[in-house]
file data07.txt (compact mmCIF, C-alpha atoms)
# COMPACT_ATOMS: atom_id res chain seq x y z
CA MET A 1 8.35 -22.96 -35.36
CA ASN A 2 5.13 -24.86 -36.05
CA THR A 3 1.80 -23.68 -34.69
CA ARG A 4 1.31 -26.69 -32.41
CA PHE A 5 4.65 -26.18 -30.70
CA ARG A 6 3.98 -22.45 -30.45
CA ASN A 7 0.64 -23.04 -28.69
CA PHE A 8 2.23 -25.59 -26.35
CA LEU A 9 4.99 -23.09 -25.49
CA ILE A 10 2.48 -20.37 -24.66
CA ILE A 11 0.39 -22.67 -22.42
CA PHE A 12 3.53 -23.99 -20.66
CA CYS A 13 4.79 -20.44 -20.02
CA PHE A 14 1.33 -19.38 -18.83
CA ILE A 15 1.20 -22.10 -16.14
CA LEU A 16 4.80 -21.50 -15.07
CA LEU A 17 4.30 -17.75 -14.79
CA ILE A 18 1.06 -18.03 -12.81
CA ILE A 19 2.95 -20.15 -10.25
CA SER A 20 5.81 -17.63 -10.23
CA ILE A 21 3.41 -14.70 -9.69
CA GLY A 22 1.79 -16.52 -6.76
CA PHE A 23 5.14 -17.16 -5.08
CA SER A 24 6.69 -13.75 -5.65
CA ASN A 25 3.66 -11.66 -4.68
CA GLY A 26 4.21 -9.72 -1.46
CA GLY A 27 7.91 -9.18 -2.07
CA ARG A 28 10.90 -11.32 -1.21
CA THR A 29 13.35 -10.87 1.67
CA SER A 30 16.28 -12.01 -0.48
CA THR A 31 17.04 -12.30 -4.15
CA THR A 32 19.00 -14.88 -6.16
CA ILE A 33 22.72 -14.62 -7.04
CA VAL A 34 21.82 -14.11 -10.72
CA GLU A 35 19.57 -11.15 -9.84
CA ASN A 36 22.29 -9.60 -7.65
CA ILE A 37 24.94 -9.97 -10.34
CA THR A 38 22.60 -8.52 -12.98
CA ALA A 39 21.83 -5.64 -10.62
CA LYS A 40 25.56 -4.94 -10.19
CA VAL A 41 25.84 -4.49 -13.96
CA PHE A 42 22.68 -2.42 -14.36
CA ILE A 43 22.79 -0.17 -11.28
CA PRO A 44 25.73 2.10 -12.30
CA ILE A 45 24.35 2.53 -15.84
CA GLN A 46 20.80 3.26 -14.69
CA LYS A 47 22.02 5.58 -11.91
CA ASN A 48 23.96 7.78 -14.34
CA ILE A 49 21.27 7.86 -17.02
CA LEU A 50 18.54 8.67 -14.49
CA ALA A 51 20.70 11.44 -12.98
CA PHE A 52 21.12 12.88 -16.48
CA SER A 53 17.37 12.58 -17.13
CA ASN A 54 16.52 14.27 -13.80
CA ASN A 55 18.98 17.03 -14.55
CA ILE A 56 17.33 17.78 -17.89
CA SER A 57 13.79 17.64 -16.51
CA SER A 58 14.65 19.94 -13.59
CA LYS A 59 16.20 22.47 -15.99
CA VAL A 60 13.18 22.35 -18.28
CA GLU A 61 10.86 22.68 -15.29
CA SER A 62 12.68 25.67 -13.82
CA PHE A 63 12.59 27.41 -17.20
CA SER A 64 8.88 26.73 -17.76
CA ASN A 65 8.01 27.86 -14.23
CA ILE A 66 9.79 31.20 -14.52
CA PHE A 67 6.52 33.19 -14.36
CA VAL A 68 5.19 31.21 -11.43
CA TYR A 69 8.15 32.09 -9.22
CA LYS A 70 7.05 35.70 -8.56
CA THR A 71 3.68 34.74 -7.05
CA GLU A 72 5.31 31.81 -5.26
CA ASN A 73 7.87 34.21 -3.75
CA GLU A 74 5.11 36.47 -2.40
CA GLN A 75 3.29 33.50 -0.91
CA LEU A 76 6.50 32.30 0.73
CA LYS A 77 7.11 35.72 2.28
CA LYS A 78 3.63 35.63 3.84
CA GLU A 79 4.20 32.10 5.08
CA ASN A 80 7.56 33.10 6.50
CA LYS A 81 5.89 35.80 8.62
CA ARG A 82 3.28 33.32 9.85
CA LEU A 83 5.93 30.73 10.71
CA LYS A 84 8.00 33.28 12.64
CA ASN A 85 5.01 33.90 14.88
CA LYS A 86 4.49 30.16 15.28
CA LEU A 87 8.13 29.74 16.22
CA LYS A 88 7.62 32.01 19.20
CA ASP A 89 4.78 29.79 20.42
CA ALA A 90 6.85 26.68 19.76
CA LYS A 91 9.69 28.03 21.89
CA LEU A 92 7.27 28.38 24.80
CA SER A 93 6.05 24.80 24.25
CA GLU A 94 9.65 23.58 24.07
CA TYR A 95 10.29 25.01 27.49
CA GLU A 96 7.28 23.10 28.83
CA LEU A 97 8.50 19.93 27.10
CA LYS A 98 11.94 20.19 28.70
CA ARG A 99 10.32 20.44 32.07
CA LEU A 100 8.28 17.30 31.35
CA ASP A 101 11.40 15.45 30.15
CA LYS A 102 13.13 16.26 33.42
CA LEU A 103 10.11 14.92 35.24
CA LYS A 104 10.24 11.70 33.15
CA GLU A 105 13.91 11.23 34.03
CA SER A 106 13.23 11.66 37.72
CA LEU A 107 10.45 9.02 37.51
CA ASN A 108 12.67 6.53 35.53
CA TYR A 109 10.16 6.44 32.66
CA ILE A 110 11.03 3.95 29.87
CA ASP A 111 10.97 5.60 26.46
CA ASN A 112 9.68 3.44 23.58
CA ARG A 113 10.87 5.80 20.86
CA LYS A 114 14.16 4.19 19.89
CA SER A 115 16.26 6.35 17.61
CA ASN A 116 16.33 4.35 14.38
CA GLU A 117 19.04 4.82 11.79
CA ILE A 118 18.23 6.91 8.72
CA LEU A 119 20.00 6.14 5.45
CA THR A 120 19.97 8.23 2.28
CA SER A 121 19.79 6.60 -1.11
CA ASN A 122 19.39 7.42 -4.79
CA ILE A 123 16.61 6.21 -7.03
CA ILE A 124 18.21 4.28 -9.87
CA ALA A 125 15.22 3.02 -11.85
CA LYS A 126 11.53 3.76 -11.99
CA ASN A 127 8.66 1.58 -13.00
CA ASN A 128 7.20 3.86 -15.61
CA GLY A 129 4.23 1.59 -15.96
CA ASN A 130 0.86 3.16 -15.39
CA TRP A 131 -0.56 0.68 -12.88
CA PHE A 132 1.92 0.69 -10.03
CA LYS A 133 4.43 3.28 -8.91
CA THR A 134 7.46 1.35 -7.73
CA PHE A 135 11.13 2.20 -7.96
CA LEU A 136 14.56 0.82 -7.28
CA ILE A 137 17.09 2.37 -4.88
CA ASN A 138 20.80 1.68 -4.64
CA ALA A 139 20.83 0.42 -1.05
CA GLY A 140 19.97 -3.06 0.08
CA LYS A 141 20.69 -5.80 2.56
CA ASN A 142 24.42 -4.96 2.66
CA GLN A 143 23.61 -1.41 3.75
CA GLY A 144 21.49 -2.66 6.65
CA ILE A 145 18.07 -2.22 5.10
CA LYS A 146 15.30 -4.61 6.12
CA LYS A 147 12.03 -5.43 4.42
CA TYR A 148 9.23 -3.04 5.49
CA SER A 149 11.71 -0.25 6.37
CA VAL A 150 9.96 3.08 5.94
CA VAL A 151 10.91 5.26 2.96
CA ILE A 152 10.53 9.02 3.31
CA SER A 153 11.69 12.22 1.66
CA GLU A 154 12.21 15.70 3.08
CA ASN A 155 8.54 16.41 2.32
CA GLY A 156 6.89 13.34 3.75
CA LEU A 157 6.01 9.67 3.50
CA ILE A 158 6.83 7.80 0.28
CA GLY A 159 6.24 4.15 1.14
CA LYS A 160 8.13 1.12 2.33
CA ILE A 161 10.73 -1.42 1.24
CA TYR A 162 8.94 -4.16 -0.68
CA GLU A 163 11.76 -6.41 -1.84
CA LEU A 164 15.42 -6.70 -0.89
CA GLY A 165 18.51 -7.40 -2.94
CA ASP A 166 22.12 -7.31 -1.74
CA GLU A 167 22.84 -3.87 -3.13
CA TYR A 168 19.38 -2.68 -4.13
CA SER A 169 15.80 -2.57 -2.87
CA LYS A 170 12.42 -2.22 -4.44
CA VAL A 171 10.19 0.47 -2.94
CA ILE A 172 6.41 0.46 -3.07
CA THR A 173 4.66 3.80 -2.64
CA ILE A 174 1.77 4.44 -0.23
CA VAL A 175 -0.67 4.76 -3.14
CA ASP A 176 0.04 1.17 -4.25
CA SER A 177 0.60 -0.54 -0.96
CA LYS A 178 -2.10 -2.90 0.27
CA SER A 179 -1.29 -2.23 3.93
CA LYS A 180 -3.31 0.21 5.98
CA ILE A 181 -1.80 3.42 7.35
CA SER A 182 -2.89 4.85 10.65
CA PHE A 183 -3.04 8.64 10.66
CA GLU A 184 -4.01 11.74 12.58
CA ASN A 185 -4.37 15.39 11.71
CA LEU A 186 -1.69 17.93 12.53
CA THR A 187 -3.07 20.38 15.04
CA ASP A 188 -2.02 21.91 18.33
CA ASN A 189 -5.59 21.93 19.61
CA LEU A 190 -6.40 18.63 21.34
CA ASP A 191 -10.16 19.02 20.79
CA ASP A 192 -9.69 19.21 17.02
CA LYS A 193 -7.53 16.10 16.87
CA TYR A 194 -8.92 13.08 15.00
CA GLN A 195 -7.44 9.73 14.02
CA GLY A 196 -8.23 7.26 11.31
CA VAL A 197 -6.98 4.67 8.88
CA ILE A 198 -6.07 4.94 5.21
CA GLU A 199 -7.52 1.82 3.67
CA THR A 200 -7.31 2.01 -0.10
CA SER A 201 -6.18 4.28 -2.88
CA GLN A 202 -7.59 5.21 -6.24
CA ASN A 203 -5.95 7.18 -9.04
CA GLY A 204 -3.21 8.43 -6.73
CA VAL A 205 -5.60 9.61 -4.01
CA LEU A 206 -5.85 7.85 -0.64
CA ASN A 207 -9.23 6.80 0.79
CA ALA A 208 -9.47 7.09 4.55
CA LYS A 209 -11.91 6.58 7.41
CA VAL A 210 -12.03 8.65 10.58
CA TYR A 211 -12.90 7.03 13.89
CA LYS A 212 -14.40 9.86 15.92
CA SER A 213 -17.97 11.00 16.24
CA ASN A 214 -18.51 14.46 14.74
CA PRO A 215 -14.88 15.32 14.12
CA ASN A 216 -13.93 18.79 12.99
CA VAL A 217 -12.53 17.90 9.57
CA GLU A 218 -11.84 20.52 6.96
CA LYS A 219 -10.46 20.51 3.45
CA GLY A 220 -6.74 21.23 3.53
CA ASP A 221 -6.13 19.58 6.92
CA GLU A 222 -2.59 18.27 7.08
CA ILE A 223 -2.46 14.53 7.73
CA ILE A 224 0.48 12.84 9.47
CA THR A 225 1.25 9.28 10.58
CA SER A 226 -0.03 8.49 14.05
CA GLY A 227 2.73 6.06 15.02
CA LEU A 228 0.58 2.93 15.06
CA GLY A 229 1.82 0.19 12.73
CA ILE A 230 5.09 0.26 10.82
CA TYR A 231 5.22 3.99 10.14
CA PRO A 232 6.76 6.20 12.85
CA LYS A 233 4.74 9.08 14.26
CA GLY A 234 4.76 12.53 12.71
CA ILE A 235 5.59 11.92 9.04
CA THR A 236 3.49 14.05 6.69
CA ILE A 237 1.22 11.96 4.45
CA GLY A 238 -0.77 14.62 2.62
CA LYS A 239 -3.76 16.93 2.76
CA VAL A 240 -7.51 16.35 2.90
CA VAL A 241 -8.95 17.15 -0.52
CA GLU A 242 -12.49 15.85 -0.16
CA ILE A 243 -14.93 14.69 2.51
CA THR A 244 -16.89 11.96 0.74
CA LYS A 245 -19.23 10.75 3.49
CA ASN A 246 -20.26 12.24 6.79
CA ASP A 247 -23.26 10.74 8.59
CA GLY A 248 -22.22 11.65 12.10
CA PHE A 249 -20.86 8.19 12.91
CA LEU A 250 -18.58 7.45 9.99
CA LEU A 251 -16.55 9.94 8.05
CA GLU A 252 -14.75 9.14 4.85
CA LEU A 253 -12.00 11.30 3.39
CA LYS A 254 -9.85 11.58 0.34
CA ILE A 255 -6.24 12.50 1.00
CA LYS A 256 -3.84 13.70 -1.67
CA PRO A 257 -0.28 12.59 -0.91
CA ILE A 258 2.20 15.42 -0.41
CA ILE A 259 4.83 13.59 -2.44
CA ASP A 260 5.02 14.00 -6.18
CA PHE A 261 6.07 10.44 -6.97
CA GLU A 262 7.04 11.39 -10.52
CA ASN A 263 9.78 13.82 -9.50
CA LEU A 264 11.74 11.94 -6.90
CA ASP A 265 15.45 11.29 -7.14
CA LYS A 266 16.62 10.86 -3.55
CA VAL A 267 14.99 9.09 -0.62
CA MET A 268 15.65 8.43 3.04
CA ILE A 269 15.14 5.04 4.62
CA TYR A 270 14.08 4.78 8.21
CA THR A 271 15.43 1.33 9.11
CA ILE A 272 13.58 -1.08 11.35
CA ASP A 273 15.13 -3.92 13.37
CA ARG A 274 15.33 -7.49 12.06
CA LYS A 275 12.79 -8.90 14.54
CA LYS A 276 10.13 -6.39 13.52
CA SER A 277 10.78 -7.08 9.83
CA GLU A 278 10.47 -10.85 10.33
CA TRP A 279 7.33 -10.43 12.40
CA LEU A 280 5.72 -8.29 9.70
CA ASP A 281 6.74 -10.82 7.04
CA GLU A 282 5.08 -13.65 9.00
CA LYS A 283 1.92 -11.59 9.32
CA MET B 1 18.59 -12.14 -35.59
CA LYS B 2 21.31 -13.45 -33.34
CA ASN B 3 20.65 -13.92 -29.63
CA LYS B 4 23.31 -11.40 -28.61
CA TYR B 5 21.57 -8.69 -30.65
CA ILE B 6 18.20 -9.56 -29.12
CA LEU B 7 19.81 -9.26 -25.66
CA PHE B 8 21.44 -5.97 -26.60
CA TRP B 9 18.12 -4.52 -27.84
CA ALA B 10 16.29 -5.77 -24.76
CA ILE B 11 18.82 -4.17 -22.39
CA CYS B 12 18.73 -0.86 -24.27
CA ILE B 13 14.93 -0.73 -24.28
CA PHE B 14 14.74 -1.68 -20.59
CA ILE B 15 17.26 1.00 -19.56
CA ILE B 16 15.41 3.63 -21.60
CA LYS B 17 12.08 2.57 -20.06
CA THR B 18 13.31 2.78 -16.47
CA THR B 19 15.34 5.97 -16.83
CA LEU B 20 14.97 8.27 -19.85
CA LEU B 21 11.24 7.64 -20.32
CA ASP B 22 10.77 9.88 -17.28
CA LEU B 23 11.34 12.81 -19.62
CA PHE B 24 8.42 11.81 -21.83
CA THR B 25 5.53 11.92 -19.43
CA PHE B 26 2.15 13.30 -20.45
CA SER B 27 0.20 14.27 -17.31
CA ASN B 28 1.90 11.49 -15.35
CA PHE B 29 1.26 8.97 -18.11
CA HIS B 30 4.08 7.10 -19.81
CA PRO B 31 3.87 5.40 -23.20
CA ASN B 32 4.79 1.70 -23.10
CA ILE B 33 7.87 1.49 -25.29
CA ILE B 34 8.15 -2.26 -24.73
CA LEU B 35 4.78 -2.85 -26.38
CA ILE B 36 5.81 -0.52 -29.20
CA THR B 37 9.08 -2.47 -29.63
CA ILE B 38 7.26 -5.81 -29.70
CA VAL B 39 4.85 -4.63 -32.38
CA TYR B 40 7.66 -3.11 -34.42
CA PHE B 41 9.81 -6.27 -34.15
CA SER B 42 6.83 -8.43 -35.17
CA PHE B 43 6.82 -6.60 -38.53
CA LYS B 44 10.49 -7.29 -39.10
CA TYR B 45 11.26 -10.65 -37.49
CA ASP B 46 9.63 -14.02 -36.93
CA PHE B 47 7.84 -15.29 -33.80
CA LYS B 48 11.01 -16.83 -32.31
CA VAL B 49 12.89 -13.51 -32.19
CA VAL B 50 9.93 -11.51 -30.86
CA PHE B 51 9.19 -14.21 -28.27
CA LYS B 52 12.78 -14.13 -26.95
CA LEU B 53 12.74 -10.33 -26.84
CA ALA B 54 9.40 -10.32 -24.97
CA ILE B 55 10.69 -12.80 -22.38
CA ILE B 56 13.93 -10.89 -21.71
CA LEU B 57 12.17 -7.52 -21.49
CA GLY B 58 9.41 -8.92 -19.26
CA LEU B 59 11.93 -10.66 -17.01
CA LEU B 60 14.09 -7.54 -16.56
CA GLN B 61 11.03 -5.45 -15.77
CA ASP B 62 9.67 -8.05 -13.35
CA ILE B 63 12.95 -8.49 -11.51
CA PHE B 64 13.78 -4.83 -11.06
CA VAL B 65 10.62 -2.78 -10.91
CA SER B 66 7.51 -4.95 -10.66
CA LEU B 67 5.57 -6.12 -7.67
CA PHE B 68 5.48 -9.77 -8.74
CA ILE B 69 7.68 -11.89 -11.00
CA GLY B 70 5.91 -13.17 -14.07
CA GLY B 71 3.25 -10.51 -14.65
CA ASN B 72 5.08 -8.62 -17.35
CA ILE B 73 6.49 -11.75 -19.01
CA LEU B 74 3.00 -13.22 -19.15
CA ALA B 75 1.51 -10.06 -20.60
CA TYR B 76 4.27 -9.62 -23.17
CA ILE B 77 4.25 -13.23 -24.41
CA LEU B 78 0.47 -13.14 -24.84
CA VAL B 79 0.83 -9.87 -26.75
CA THR B 80 3.59 -11.47 -28.87
CA PHE B 81 1.41 -14.48 -29.56
CA PHE B 82 -1.42 -12.27 -30.71
CA VAL B 83 0.67 -9.82 -32.71
CA CYS B 84 2.66 -12.54 -34.53
CA ASN B 85 -0.53 -14.40 -35.44
CA PHE B 86 -2.28 -11.33 -36.83
CA GLU B 87 0.69 -9.50 -38.33
CA THR B 88 0.69 -11.76 -41.43
CA VAL B 89 -2.92 -10.76 -42.22
CA PHE B 90 -2.07 -7.06 -42.58
CA ASN B 91 -0.42 -5.01 -45.25
CA LYS B 92 2.89 -4.03 -43.66
CA ARG B 93 3.09 -0.63 -45.32
CA SER B 94 -0.36 0.52 -44.32
CA PHE B 95 -0.43 2.76 -41.24
CA ILE B 96 -3.65 0.98 -40.13
CA SER B 97 -1.69 -2.20 -39.37
CA PRO B 98 0.53 -0.87 -36.55
CA LEU B 99 -2.38 1.21 -35.29
CA PHE B 100 -4.61 -1.85 -34.97
CA LEU B 101 -1.89 -4.04 -33.47
CA ILE B 102 -0.77 -1.47 -30.88
CA THR B 103 -4.42 -0.83 -29.89
CA ILE B 104 -5.09 -4.51 -29.31
CA SER B 105 -1.71 -5.00 -27.60
CA THR B 106 -2.39 -2.11 -25.21
CA ILE B 107 -5.81 -3.57 -24.36
CA ILE B 108 -4.42 -7.11 -23.81
CA TYR B 109 -1.48 -5.90 -21.70
CA ASN B 110 -3.60 -3.69 -19.44
CA MET B 111 -6.41 -6.23 -19.13
CA ILE B 112 -3.91 -8.85 -17.92
CA TYR B 113 -2.45 -6.41 -15.40
CA PHE B 114 -5.93 -5.39 -14.24
CA VAL B 115 -7.03 -9.01 -13.70
CA LEU B 116 -3.75 -10.05 -12.04
CA GLY B 117 -3.70 -6.98 -9.81
CA ASN B 118 -7.23 -7.57 -8.59
CA LEU B 119 -6.62 -11.29 -8.06
CA LEU B 120 -3.59 -10.43 -5.93
CA GLY B 121 -5.59 -8.01 -3.80
CA TYR B 122 -4.67 -4.62 -5.25
CA ASN B 123 -7.57 -2.25 -5.57
CA LEU B 124 -7.65 -1.56 -9.31
CA THR B 125 -10.85 -0.07 -10.64
CA VAL B 126 -12.57 -0.25 -14.02
CA SER B 127 -12.39 3.54 -14.37
CA GLN B 128 -8.62 3.30 -13.85
CA LEU B 129 -8.46 0.58 -16.51
CA PHE B 130 -10.49 2.70 -18.90
CA SER B 131 -8.31 5.81 -18.48
CA ILE B 132 -5.03 3.84 -18.71
CA VAL B 133 -6.20 1.95 -21.81
CA SER B 134 -7.53 5.03 -23.60
CA LEU B 135 -4.44 7.16 -22.88
CA GLY B 136 -2.23 4.16 -23.66
CA ILE B 137 -3.85 3.65 -27.06
CA LEU B 138 -3.49 7.33 -27.86
CA PHE B 139 0.17 7.78 -26.92
CA ASN B 140 1.39 4.35 -28.01
CA SER B 141 -0.35 4.74 -31.38
CA ILE B 142 1.23 8.13 -32.06
CA ILE B 143 4.73 6.81 -31.35
CA GLN B 144 4.05 3.55 -33.20
CA ILE B 145 2.89 5.36 -36.35
CA ILE B 146 5.94 7.67 -36.29
CA ILE B 147 8.31 4.70 -35.93
CA HIS B 148 6.47 2.62 -38.50
CA ARG B 149 6.37 5.35 -41.14
CA TYR B 150 9.99 6.33 -40.57
CA PHE B 151 11.46 2.83 -40.75
CA PHE B 152 9.28 1.50 -43.54
CA LYS B 153 9.85 4.62 -45.61
CA LYS B 154 13.59 4.10 -45.17
CA ARG B 155 13.30 0.49 -46.35
CA VAL B 156 11.26 1.45 -49.40
CA MET B 157 13.79 4.14 -50.33
CA ARG B 158 16.61 1.59 -50.14
call {"tool": "encode", "arguments": {"input": "data07.txt", "output": "structure tokens"}}
result
Amino acid sequence: MNTRFRNFLIIFCFILLIISIGFSNGGRTSTTIVENITAKVFIPIQKNILAFSNNISSKVESFSNIFVYKTENEQLKKENKRLKNKLKDAKLSEYELKRLDKLKESLNYIDNRKSNEILTSNIIAKNNGNWFKTFLINAGKNQGIKKYSVVISENGLIGKIYELGDEYSKVITIVDSKSKISFENLTDNLDDKYQGVIETSQNGVLNAKVYKSNPNVEKGDEIITSGLGIYPKGITIGKVVEITKNDGFLLELKIKPIIDFENLDKVMIYTIDRKKSEWLDEK
Amino acid sequence: MKNKYILFWAICIFIIKTTLLDLFTFSNFHPNIILITIVYFSFKYDFKVVFKLAIILGLLQDIFVSLFIGGNILAYILVTFFVCNFETVFNKRSFISPLFLITISTIIYNMIYFVLGNLLGYNLTVSQLFSIVSLGILFNSIIQIIIHRYFFKKRVMR
């Protein structure tokens, strides 16, 4: 291959790829037949190898953590006692809630909280690049998943569906997503409640702003989704690790996500309806 | 090298990168085995082979795990272009050669991703770039030197 042709090839590819990047950015709602066929070949192989890899890493981890378990066990016992006391309070609140529900029924109140379907899926491939944390799951359009469906685990919020194939979907985590996340703190005291928006992220930590004058924010506060936007209310996001700015009017926080994105193997997808997905795509 | 072997190598490397590489994480940092493969192949094969390998690997990565299609292909073909142009200058048996090429490849790859990411609206910072590049150079170089020494030693012995 002569040098002139080589240079021409590089420039041609460069232009073509820049156009491709521009078009594909933001995720696609459907993929091509070639991509779906390729995925059908790759998915079973990747699924089995990743399961094997996860199995090894979990065994290594449990062996290396053998000395940590004793202290962890003691901490869990203490927490168990604390939670038992909380459960008593919660039972009292539940009784109050039932009474309010009965009142709602008698007033013909329309409930906006539709019970969305939750699907469980396996992670079949991970983007082990160091810039973005994305991964592939073995559920797609054929399983009823829509773009922007919310992806969670038993611990909390992972992210959302970024791109859809027939039998697979690409998931983008909250630390890489460009979209804002509305949040609030988890507390049973109404006076201590504050809300805000997660705007950006840096090195795996979320940067957030609180919209309340003189809020009572402390390190370690548990942060959950507030229900505004695409994420349903009450999903754990993470914990406050740092208060970076507090001038009385504006408060800026750093939140560490509760999810360890490196050690995930199963996820749950909280599906959204087609109209909402299309509306978000247009936006 | 025949096309079917290039395809076979590309598929193997891609599957390892998206699955087994999870086992080799150093404080949540993964070495880029695709860059390592490209540099290693550039020592053994001509531009045409390395170029094809870079395109297939970039395409697979873009389709299945990237946020935009074209980013990885673009980065890998630019790395290939650089590596294949400079590889002839170096002494193939010297350990400095792979070390230099993997360092420059890591910088080029991450710089492209940093620029593209920021142009597309992702909030990527210079400090992030610095830490990814420095850790990348360290881990990729270690693996590259091991591979280079092992394979070139084998060839000399034969």
call {"tool": "atom_distance", "arguments": {"input": "data07.txt", "atom1": "CA of Ser141 (chain B)", "atom2": "CA of Ile102 (chain B)"}}
result
6.2 Å
call {"tool": "residues_near_point", "arguments": {"input": "data07.txt", "point": "(-15.1, 16.3, 9.8)", "cutoff": "8 Å", "atoms": "all atoms listed in the file", "output": "ChimeraX atom specification"}}
result
/A:214-218,243,246,251
call {"tool": "interface_residues", "arguments": {"input": "data07.txt", "of": "chain B", "to": "chain A", "cutoff": "6 Å", "atoms": "all atoms listed in the file", "output": "list of chain:residue names"}}
result
B:Thr18, B:Thr19, B:Leu20, B:Val65, B:Phe68, B:Ile69, B:Gly70
call {"tool": "atom_distance", "arguments": {"input": "data07.txt", "atom1": "CA of Asn142 (chain A)", "atom2": "CA of Leu228 (chain A)"}}
result
28.0 Å
call {"tool": "residues_around", "arguments": {"input": "data07.txt", "residues": "Thr106 (chain B)", "least_positions_apart": "3", "cutoff": "7 Å", "atoms": "all atoms listed in the file", "output": "list in words"}}
result
Ile102, Thr103, Tyr109, Asn110, Val133, Gly136 and Ile137 of chain B
call {"tool": "atom_distance", "arguments": {"input": "data07.txt", "atom1": "CA of Ile269 (chain A)", "atom2": "CA of Ile224 (chain A)"}}
result
17.3 Å
call {"tool": "closest_residue", "arguments": {"input": "data07.txt", "among": "A:Ile43, A:Met268, A:Ala90, A:Leu107", "to": "Ile161 (chain A)", "atoms": "all atoms listed in the file"}}
result
A:Met268
call {"tool": "closest_residue", "arguments": {"input": "data07.txt", "among": "B:Phe8, B:Tyr45, B:Tyr113, B:Phe64", "to": "Glu87 (chain B)", "atoms": "only C-alpha atoms"}}
result
B:Tyr45
call {"tool": "residues_around", "arguments": {"input": "data07.txt", "residues": "Leu21 (chain B)", "least_positions_apart": "4", "cutoff": "8 Å", "atoms": "all atoms listed in the file", "output": "list in words"}}
result
Asn128 of chain A; Ile16, Lys17, Thr25 and His30 of chain B
call {"tool": "residues_around", "arguments": {"input": "data07.txt", "residues": "Ile107 (chain B)", "least_positions_apart": "4", "cutoff": "12 Å", "atoms": "only C-alpha atoms", "output": "number ranges by chain"}}
result
B: 32, 35, 75-76, 78-79, 82, 100-103, 111-114, 129-138, 140
call {"tool": "axis_aligned_box", "arguments": {"input": "data07.txt", "around": "region 50-67 of chain A", "padding_each_side": "5 Å", "output": "AutoDock Vina command-line options"}}
result
--center_x 13.8 --center_y 20.9 --center_z -15.6 --size_x 24.6 --size_y 34.5 --size_z 15.3
call {"tool": "closest_residue", "arguments": {"input": "data07.txt", "among": "B:Phe29, B:Phe43, B:Tyr150, B:Tyr122", "to": "Phe90 (chain B)", "atoms": "all atoms listed in the file"}}
result
B:Phe43
call {"tool": "residues_around", "arguments": {"input": "data07.txt", "residues": "region 231-239 of chain A", "least_positions_apart": "5", "cutoff": "7 Å", "atoms": "all atoms listed in the file", "output": "compact mmCIF listing (two decimals) with C-alpha atoms, in the frame of the given file"}}
result
# COMPACT_ATOMS: atom_id res chain seq x y z
CA VAL A 150 9.96 3.08 5.94
CA GLY A 156 6.89 13.34 3.75
CA LEU A 157 6.01 9.67 3.50
CA GLY A 220 -6.74 21.23 3.53
CA ASP A 221 -6.13 19.58 6.92
CA GLU A 222 -2.59 18.27 7.08
CA ILE A 223 -2.46 14.53 7.73
CA ILE A 224 0.48 12.84 9.47
CA THR A 225 1.25 9.28 10.58
CA SER A 226 -0.03 8.49 14.05
CA ILE A 255 -6.24 12.50 1.00
CA LYS A 256 -3.84 13.70 -1.67
CA PRO A 257 -0.28 12.59 -0.91
CA ILE A 258 2.20 15.42 -0.41
call {"tool": "residues_around", "arguments": {"input": "data07.txt", "residues": "Ile38 (chain B)", "least_positions_apart": "2", "cutoff": "8 Å", "atoms": "all atoms listed in the file", "output": "PyMOL selection string"}}
result
chain B and resi 34-36+40-42+50+53-54+80
call {"tool": "closest_residue", "arguments": {"input": "data07.txt", "among": "A:Gly204, A:Pro44, A:Arg4, A:Ile230", "to": "Ser149 (chain A)", "atoms": "all atoms listed in the file"}}
result
A:Ile230
